[in-house]
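A.B. asks: Before anything else, here's the structure in question.
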Amino acid sequence: MSQPPHSTTPPDWQRPRGVAAGTWQYVHQRTIARHYDDFVADTPLCELDRRYVLETLSTFSHRPSGIESANSGAAKPLVLDLGAGTGRLALPVSRRGYDVLAVDLSHPMLEQLVQNFAPADDDDDQAGTVMPMRANLVQLDAIADSVADHAICMFSTLGMIQGRANRIQCLCHIARTVRPGGGLILHVHRRWAALRETGGWARLLRSRVRSLCSREAEFGDATYAYRGLEKMFMHRFSENEIKSDLKAAGWTVERIDRVGIDGSDLVTSAWDASGLFLVCRR
């Protein structure tokens with residue numbers, strides 16, 4: 001995979017659909033990819049969602065996808081990992097016996113994933129393989145219909161997509177590529193968690209005003225400094241909004257779990273929730 005140079009951020013009309021200026025910079029920063037694994041190792045949410053994904057996948061039924069394993073030749077169930085990054089979820093999922101199609105827009109992230117992935121020993125016919133794919137999550141037409149058993153989209157990857165229509169398009173693509181009866185495990189940041197943050201009231205008010213004054217802005221949009229980037233984009237959801245978006249894309253929400261403010265555990269109180277895990281079915 002060769003990567004063209006990206007010394008400057010292109011204007012809106014030249015960037016892929018749903019990719020904000022800050023996100024464009026993020027996906028092309030090699031230093032971010034190089035240090036990503038160390039960063040997530042100290043992030044409680046990443047350990048929590050790893051456990052959540054593995055435990056939830058174990059409750060899903062599946063049928064072999066028809067893709068032959070490189071280890072045993074037997075077909076294994078296929079999981080789509082949307083926003084796979086360096087493979088922090090793709091790798092443990094593959095070790096549980098799934099083949100993983102690891103999709104990300106960041107070439108440096110996928111390069112790091114390839115370096116991280118060491119094929120299992122020949123006598124370990126339980127492990128699956130990880131297949132990297134560089135793509136924009138709003139434009140997944142290259143993936144065939146009903147090819148996957150399940151999908152995961154974690155660490156607020158959906159919120160990194162700018163524009164509600166684009167986020168719904170992403171969810172529609174996932175629904176199209178996952179077989180009927182398959183599952184989706186999703187994480188989003190919760191909009192009202194800003195009320196627990198310093199200056200959160202003011203940020204929510206500014207977001208609301210911008211959404212009323214500009215067609216390009218939506219309530220819940222935010223830009224913030226992140227790992228050396230000045231304007232990283234993130235959309236935070238209300239519970240009703242994400243449920244509506246999933247329904248519009250053909251998903252049925254089976255379960256919603258709230259993630260605590262510090263990301264280390266699940267909570268029952270909405271006031272103490274920073275985000276949501278959603279388990280959905282086709």
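Within each chain, counting starts at residue 1; across the structure tokens, chains are named A, B, ... in the order shown, with ligands numbered 1 upward in that order.
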Please list as a ChimeraX atom specification every residue within 12 Å of Glu55 in chain A, counting only C-alpha atoms and excluding residues in the same chain fewer than 3 positions away.

C.D. replies: /A:48-52,58-60,92-93,96,185,279

A.B. asks: Could you write out the selected residues, including N, CA and C atoms, as an mmCIF file, in the first residue's frame?

C.D. replies:
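The resulting part_2.cif:
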```cif
data_model
loop_
_atom_site.group_PDB
_atom_site.id
_atom_site.type_symbol
_atom_site.label_atom_id
_atom_site.label_comp_id
_atom_site.auth_asym_id
_atom_site.auth_seq_id
_atom_site.Cartn_x
_atom_site.Cartn_y
_atom_site.Cartn_z
ATOM 1 N N LEU A 48 -11.886 -1.504 29.038
ATOM 2 C CA LEU A 48 -13.290 -1.851 29.254
ATOM 3 C C LEU A 48 -13.945 -2.308 27.962
ATOM 4 N N ASP A 49 -13.731 -1.582 26.861
ATOM 5 C CA ASP A 49 -14.418 -1.975 25.623
ATOM 6 C C ASP A 49 -13.825 -3.250 25.029
ATOM 7 N N ARG A 50 -12.541 -3.532 25.298
ATOM 8 C CA ARG A 50 -11.972 -4.813 24.856
ATOM 9 C C ARG A 50 -12.701 -5.978 25.535
ATOM 10 N N ARG A 51 -12.873 -5.882 26.850
ATOM 11 C CA ARG A 51 -13.593 -6.933 27.578
ATOM 12 C C ARG A 51 -15.037 -7.024 27.104
ATOM 13 N N TYR A 52 -15.661 -5.870 26.897
ATOM 14 C CA TYR A 52 -17.071 -5.836 26.487
ATOM 15 C C TYR A 52 -17.253 -6.493 25.127
ATOM 16 N N SER A 58 -19.014 -13.443 22.259
ATOM 17 C CA SER A 58 -19.165 -14.843 22.671
ATOM 18 C C SER A 58 -20.630 -15.238 22.835
ATOM 19 N N THR A 59 -21.534 -14.248 22.955
ATOM 20 C CA THR A 59 -22.959 -14.544 23.084
ATOM 21 C C THR A 59 -23.675 -14.569 21.737
ATOM 22 N N PHE A 60 -22.987 -14.116 20.668
ATOM 23 C CA PHE A 60 -23.593 -14.082 19.341
ATOM 24 C C PHE A 60 -23.506 -15.452 18.679
ATOM 25 N N PRO A 92 -7.062 -9.249 19.467
ATOM 26 C CA PRO A 92 -7.678 -10.183 20.418
ATOM 27 C C PRO A 92 -8.912 -10.882 19.869
ATOM 28 N N VAL A 93 -9.679 -10.201 19.010
ATOM 29 C CA VAL A 93 -10.846 -10.863 18.406
ATOM 30 C C VAL A 93 -10.393 -12.018 17.514
ATOM 31 N N ARG A 96 -9.684 -15.165 19.259
ATOM 32 C CA ARG A 96 -10.867 -15.903 19.721
ATOM 33 C C ARG A 96 -11.489 -16.735 18.598
ATOM 34 N N ILE A 185 -21.684 -4.157 17.609
ATOM 35 C CA ILE A 185 -21.349 -3.599 18.910
ATOM 36 C C ILE A 185 -20.765 -2.215 18.667
ATOM 37 N N VAL A 279 -25.654 -2.741 21.713
ATOM 38 C CA VAL A 279 -25.622 -4.037 21.051
ATOM 39 C C VAL A 279 -26.848 -4.104 20.149
#
```

A.B. asks: Under the rule of at most 8 Å, produce a per-residue listing of range 149-173 of chain A near range 222-244 of chain A: chain, number, name, the closest pair of atoms, and the distance in Å, as a tab-separated table, using only C-alpha atoms.

C.D. replies:
```
residue	atom	partner	partner_atom	distance
A:Gly159	CA	A:His235	CA	4.6
A:Met160	CA	A:Met234	CA	4.9
A:Ile161	CA	A:Met234	CA	7.5
A:Gln162	CA	A:His235	CA	7.2
```

A.B. asks: Would you put the residues from that selection into a file with C-alpha atoms, as a PDB file, in the first residue's frame?

C.D. replies:
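As written to disk, selection_1.pdb reads:
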```pdb
ATOM      1  CA  GLY A 159     -18.608  10.216  16.333  1.00  0.00           C
ATOM      2  CA  MET A 160     -15.507  11.065  14.307  1.00  0.00           C
ATOM      3  CA  ILE A 161     -17.707  11.184  11.182  1.00  0.00           C
ATOM      4  CA  GLN A 162     -18.936  14.705  10.446  1.00  0.00           C
TER       5      GLN A 162
END
```

A.B. asks: Looking at A:Asp42, A:Asp125, A:Asp245, A:Asp37, which one is nearest to Leu89 in chain A, with distances taken over only C-alpha atoms?

C.D. replies: A:Asp37

A.B. asks: When DSSP works through the backbone of this structure, what residues of range 31-189 of chain A end up as alpha helix (DSSP H), shown as a ChimeraX atom specification?

C.D. replies: /A:31-34,36-41,44-57,90-95,107-116,164-177

A.B. asks: Under the rule that only C-alpha atoms are counted, which of A:Ala248, A:Gly128, A:Ala273, A:Val138 is the nearest residue to Leu195 in chain A?

C.D. replies: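 The answer is A:Ala273, which sits nearest to Leu195 in chain A.
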
A.B. asks: Can you measure CA of Val209 in chain A to CA of Arg191 in chain A for me? One decimal in Å is fine.

C.D. replies: 15.1 Å

A.B. asks: Restricting the calculation to only C-alpha atoms: of A:Phe219, A:Phe117, A:Trp251, A:Trp201, which residue gets closest to Arg176 in chain A?

C.D. replies: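 When distances to Arg176 in chain A are compared using only C-alpha atoms, the smallest one comes from A:Trp251.
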
A.B. asks: When you count only C-alpha atoms, which of these residues is closest to Asp38 in chain A: A:Gly22, A:Thr86, A:Arg134, A:Gly97?

C.D. replies: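 The answer is A:Thr86, which sits nearest to Asp38 in chain A.
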